[in-house]
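The structure appears right after this line, and notes come after that.
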Amino acid sequence: MKFRKLLCIGAAMSAITAGQANAANIILVDQGFAGTPAQQAAFRAGFQIAAAYWSSVLTNNVTIKLGVGTAALGSGIIGSTGSSGMNYTVANWESGVNATKSNSAVDTGIVLPTLTNGAAAFITNGPNSGNNGINTNTWRYDNSTTGVNALNNKTLYLNTANVKAIGGTATYDASNTQQLDGEVQFSTNFNFDFDPTDGITANTMDFIGVAIHEIGHALGFVSGVDYLDYFGGPNGPGVATGNQFNFNQTALFSALDMFRYSMDPHNVVAGNGPVLDMSVGTASYFSTDGGLTQWGGNSLFATGTYNGDGDQASHWKDAVGCTGQIGIMDPTFCYKQMGEITALDLAAFDAIGWNIAVGSRGSNYLINTAQIYSQFATAPVPEPATWAMMIMGFGLMGAAMRRNRKVTARVRFA
């Protein structure tokens, strides 16, 4: 996981807006796209379609502002999202979810964590000597309810978009003058297919599918387990930097982590029931019934890039090969693979505080990017002949946002 500063364009920008009544309004702020005018137009149109899809399924009356553009990302990284975040108490998050959720059977059946003195209890990794960082080969039950060491139990680190969804007021870092809720960038190292209605062309990536995935991270599909993984020994690169701190005194975990359960495979807690589990490398799953069942029977999370299964915990568990993904928030895409959004994806957003349009609910929900393109493309998206010689033609300016979550989608070579 890269904890890169989230940057803003300081020059003139154009705003691309996708939205409708009784829906989340997603404003896309153009931060510059590489290539010819036709290539740039394809990127912008693809982002508009992805944003329009999210606006069609999320009914919260909020405005989310995302910077979008292209950049030279790391090897094997297709897209990358940095999100603006803020500390938010678990108690206030639960209150907001309860106050803003619909009265549907789906929403009323969602079980939120039971709090003690405003604190959630969960399994996490044990500390190194002096609470300076963590050891991902040890586990403990963290049920602190008072004092400075209960901050991670009582306070979430929420995406500002997620805060808005539950009726809260987003607070931005002073340097975030444009109040961006996130920044989505695409790599200049890949060829993309922008019109999936005739299938995804060989040696290209489904742009709309990856864009929907990346916007999903900005909307709140993130996990604090990635922080533990990055700064945790023995393999986290943050260990070598010496930038360690007391994780008990830091807001780390997300709203999505409040539905991250395991059956306690390391026998940390007395008994044999499910428990919230924020540890790196553990087979954790998404559950909306207090951990009693995996949602839909298969809702495993990825467990960590460095000390887990090789993928950021801010994703579903990666499916082997290029088929069988359990949702669009799978960590990898293959060439020629068409993205699919599933009921599991929308259930996760529903749980963390977004409201889902009635027509998009249900365990059988499934839509692919060809169907999304047909529904939301206002005009045929131009298909550039080649993207091999794209050159970055813009500069990033400005100051950094507050500590942000950096999440990436990778290519799977199969």
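Each chain of the structure tokens is named A, B, ... in the order shown, its residues numbered from 1; ligands are numbered from 1 in display order.
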Self-check item: Members of region 49-258 of chain A assigned alpha helix (DSSP H) by DSSP, as an NGL selection string
Solution: :A and (49-57 or 90-100 or 105-108 or 151-154 or 160-165 or 207-218 or 225-231 or 237-241)
Quiz item: CA of Phe47 (chain A) to CA of Thr177 (chain A): how many Å, to one decimal?
Solution: 22.8 Å
Quiz item: Taking only C-alpha atoms into account, which of A:Ile166, A:Ala119, A:Met338, A:Ala34 comes nearest Ala370 (chain A)?
Solution: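 Among A:Ile166, A:Ala119, A:Met338, A:Ala34, it is A:Met338 that comes nearest to Ala370 (chain A).
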Please provide the set of residues having any atom within 6 Å of region 215-223 of chain A, restricted to only C-alpha atoms, with same-chain residues fewer than 4 positions apart removed, written as a PDB file with N, CA and C atoms, in the first residue's frame.
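This went into part_19.pdb:
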ATOM      1  N   SER A  83      -8.177   8.752  -1.070  1.00  0.00           N
ATOM      2  CA  SER A  83      -9.415   9.306  -0.516  1.00  0.00           C
ATOM      3  C   SER A  83      -9.129  10.270   0.619  1.00  0.00           C
ATOM      4  N   ASN A 159     -13.835   7.797   5.113  1.00  0.00           N
ATOM      5  CA  ASN A 159     -13.801   8.617   3.908  1.00  0.00           C
ATOM      6  C   ASN A 159     -14.814   9.744   4.054  1.00  0.00           C
ATOM      7  N   ALA A 161     -16.599  10.982   1.841  1.00  0.00           N
ATOM      8  CA  ALA A 161     -17.809  10.600   1.100  1.00  0.00           C
ATOM      9  C   ALA A 161     -18.732   9.778   1.972  1.00  0.00           C
ATOM     10  N   ASN A 162     -18.156   8.883   2.781  1.00  0.00           N
ATOM     11  CA  ASN A 162     -18.948   8.043   3.676  1.00  0.00           C
ATOM     12  C   ASN A 162     -19.600   8.888   4.768  1.00  0.00           C
ATOM     13  N   GLY A 182     -11.799  12.605  -3.115  1.00  0.00           N
ATOM     14  CA  GLY A 182     -10.857  11.598  -3.568  1.00  0.00           C
ATOM     15  C   GLY A 182     -10.277  11.968  -4.913  1.00  0.00           C
ATOM     16  N   SER A 254     -12.216   1.469   9.180  1.00  0.00           N
ATOM     17  CA  SER A 254     -13.254   2.091   8.357  1.00  0.00           C
ATOM     18  C   SER A 254     -14.628   1.571   8.742  1.00  0.00           C
ATOM     19  N   ASP A 257     -14.891  -2.028   7.920  1.00  0.00           N
ATOM     20  CA  ASP A 257     -14.279  -2.918   8.904  1.00  0.00           C
ATOM     21  C   ASP A 257     -15.243  -3.308  10.016  1.00  0.00           C
ATOM     22  N   SER A 314      -8.481  -3.901   1.349  1.00  0.00           N
ATOM     23  CA  SER A 314      -9.600  -3.069   0.894  1.00  0.00           C
ATOM     24  C   SER A 314     -10.246  -3.641  -0.360  1.00  0.00           C
TER      25      SER A 314
END
Exercise. Find the residues around Ser374 (chain A) up to 12 Å (only C-alpha atoms counted), leave out those fewer than 2 positions away in its own chain, and share them as a VMD selection string.
Key: chain A and resid 49 to 50 52 to 53 194 to 198 208 367 to 372 376 to 381
Exercise. As a PyMOL selection string, please: all residues of region 123-282 of chain A that backbone DSSP puts in strand (DSSP E).
Key: chain A and resi 123-127+134-142+155-159+182-187+192-193+205-206+232-233+260-262+275-276
Would you put the residues from that selection into a file with N, CA, C and O atoms, as a compact mmCIF listing (two decimals), in the first residue's frame?
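Generated output (selection_20.txt):
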# COMPACT_ATOMS: atom_id res chain seq x y z
N ILE A 123 -10.63 -8.45 17.26
CA ILE A 123 -9.30 -9.05 17.20
C ILE A 123 -8.42 -8.19 16.31
O ILE A 123 -8.87 -7.69 15.28
N THR A 124 -7.19 -8.01 16.73
CA THR A 124 -6.22 -7.31 15.89
C THR A 124 -4.85 -7.91 16.19
O THR A 124 -4.73 -8.85 16.98
N ASN A 125 -3.83 -7.40 15.54
CA ASN A 125 -2.49 -7.94 15.75
C ASN A 125 -1.87 -7.37 17.01
O ASN A 125 -2.17 -6.26 17.44
N GLY A 126 -0.95 -8.13 17.60
CA GLY A 126 -0.29 -7.70 18.83
C GLY A 126 0.77 -6.65 18.56
O GLY A 126 1.32 -6.56 17.47
N PRO A 127 1.10 -5.86 19.58
CA PRO A 127 2.08 -4.79 19.40
C PRO A 127 3.51 -5.30 19.50
O PRO A 127 3.79 -6.33 20.10
N ILE A 134 3.38 -3.01 15.10
CA ILE A 134 2.71 -4.26 15.40
C ILE A 134 3.50 -5.44 14.86
O ILE A 134 4.35 -5.31 13.99
N ASN A 135 3.19 -6.59 15.41
CA ASN A 135 3.76 -7.86 14.96
C ASN A 135 2.62 -8.66 14.34
O ASN A 135 1.72 -9.11 15.05
N THR A 136 2.64 -8.85 13.04
CA THR A 136 1.52 -9.51 12.37
C THR A 136 1.50 -11.01 12.60
O THR A 136 0.58 -11.68 12.13
N ASN A 137 2.47 -11.54 13.34
CA ASN A 137 2.46 -12.95 13.69
C ASN A 137 1.88 -13.20 15.07
O ASN A 137 1.91 -14.33 15.58
N THR A 138 1.35 -12.15 15.70
CA THR A 138 0.68 -12.29 16.99
C THR A 138 -0.71 -11.67 16.90
O THR A 138 -0.98 -10.82 16.05
N TRP A 139 -1.59 -12.08 17.83
CA TRP A 139 -2.97 -11.61 17.81
C TRP A 139 -3.44 -11.33 19.22
O TRP A 139 -2.94 -11.90 20.20
N ARG A 140 -4.38 -10.41 19.35
CA ARG A 140 -4.93 -10.07 20.65
C ARG A 140 -6.38 -9.62 20.49
O ARG A 140 -6.81 -9.25 19.39
N TYR A 141 -7.11 -9.65 21.58
CA TYR A 141 -8.48 -9.16 21.60
C TYR A 141 -8.46 -7.77 22.20
O TYR A 141 -8.13 -7.57 23.37
N ASP A 142 -8.75 -6.77 21.39
CA ASP A 142 -8.70 -5.38 21.82
C ASP A 142 -10.11 -4.94 22.19
O ASP A 142 -10.94 -4.66 21.32
N THR A 155 -12.96 5.32 17.61
CA THR A 155 -12.93 6.28 16.51
C THR A 155 -12.58 5.59 15.20
O THR A 155 -11.59 4.86 15.12
N LEU A 156 -13.38 5.84 14.18
CA LEU A 156 -13.11 5.34 12.84
C LEU A 156 -12.36 6.40 12.05
O LEU A 156 -12.40 7.58 12.39
N TYR A 157 -11.69 5.97 10.99
CA TYR A 157 -11.14 6.92 10.03
C TYR A 157 -11.96 6.76 8.75
O TYR A 157 -11.76 5.84 7.97
N LEU A 158 -12.95 7.65 8.58
CA LEU A 158 -13.94 7.50 7.52
C LEU A 158 -13.59 8.35 6.30
O LEU A 158 -13.12 9.48 6.42
N ASN A 159 -13.84 7.80 5.11
CA ASN A 159 -13.80 8.62 3.91
C ASN A 159 -14.81 9.74 4.05
O ASN A 159 -15.92 9.53 4.56
N GLY A 182 -11.80 12.60 -3.12
CA GLY A 182 -10.86 11.60 -3.57
C GLY A 182 -10.28 11.97 -4.91
O GLY A 182 -10.71 12.93 -5.56
N GLU A 183 -9.27 11.21 -5.30
CA GLU A 183 -8.64 11.39 -6.59
C GLU A 183 -8.47 10.02 -7.23
O GLU A 183 -7.91 9.10 -6.62
N VAL A 184 -8.97 9.86 -8.45
CA VAL A 184 -8.87 8.60 -9.19
C VAL A 184 -7.96 8.81 -10.38
O VAL A 184 -8.18 9.73 -11.19
N GLN A 185 -6.95 7.97 -10.49
CA GLN A 185 -6.02 8.07 -11.61
C GLN A 185 -5.91 6.73 -12.32
O GLN A 185 -6.00 5.67 -11.70
N PHE A 186 -5.70 6.81 -13.63
CA PHE A 186 -5.49 5.61 -14.44
C PHE A 186 -4.07 5.60 -14.99
O PHE A 186 -3.51 6.66 -15.30
N SER A 187 -3.53 4.41 -15.12
CA SER A 187 -2.17 4.27 -15.62
C SER A 187 -2.09 4.60 -17.10
O SER A 187 -3.00 4.31 -17.88
N PHE A 192 -6.93 0.51 -23.12
CA PHE A 192 -8.27 0.36 -22.55
C PHE A 192 -9.32 0.22 -23.64
O PHE A 192 -9.18 0.77 -24.73
N ASP A 193 -10.36 -0.52 -23.30
CA ASP A 193 -11.55 -0.62 -24.15
C ASP A 193 -12.64 0.20 -23.48
O ASP A 193 -13.00 -0.05 -22.33
N MET A 205 -7.96 -3.40 -21.28
CA MET A 205 -8.67 -3.46 -20.01
C MET A 205 -10.02 -2.77 -20.15
O MET A 205 -10.16 -1.79 -20.88
N ASP A 206 -10.99 -3.27 -19.43
CA ASP A 206 -12.33 -2.69 -19.40
C ASP A 206 -12.29 -1.40 -18.58
O ASP A 206 -12.33 -1.43 -17.35
N GLY A 232 3.33 -3.18 9.63
CA GLY A 232 3.55 -4.35 10.46
C GLY A 232 4.69 -5.23 9.99
O GLY A 232 4.91 -5.40 8.79
N GLY A 233 5.39 -5.81 10.96
CA GLY A 233 6.46 -6.75 10.63
C GLY A 233 5.92 -8.14 10.45
O GLY A 233 4.81 -8.47 10.88
N ARG A 260 -16.35 -6.77 9.25
CA ARG A 260 -15.26 -7.69 8.92
C ARG A 260 -15.13 -8.72 10.05
O ARG A 260 -14.60 -8.41 11.12
N TYR A 261 -15.57 -9.92 9.81
CA TYR A 261 -15.64 -10.95 10.85
C TYR A 261 -14.75 -12.15 10.53
O TYR A 261 -14.38 -12.37 9.36
N SER A 262 -14.44 -12.89 11.57
CA SER A 262 -13.83 -14.21 11.40
C SER A 262 -14.40 -15.15 12.46
O SER A 262 -15.09 -14.71 13.39
N VAL A 275 -16.44 -13.09 15.53
CA VAL A 275 -15.96 -11.88 16.18
C VAL A 275 -15.41 -10.93 15.12
O VAL A 275 -14.90 -11.36 14.09
N LEU A 276 -15.56 -9.62 15.34
CA LEU A 276 -14.92 -8.65 14.45
C LEU A 276 -13.42 -8.92 14.44
O LEU A 276 -12.81 -9.12 15.49
Quiz item: When distances are computed from only C-alpha atoms, which of A:Val29, A:Ile77, A:Ala72, A:Ala105 shows the smallest separation from Thr332 (chain A)?
Solution: A:Ile77
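Excluding Ala170 (chain A) itself and same-chain residues fewer than 3 positions from it, the residues having an atom within 8 Å of it are Met86, Thr160, Ala161, Val163 and Lys164 of chain A, counting only C-alpha atoms.
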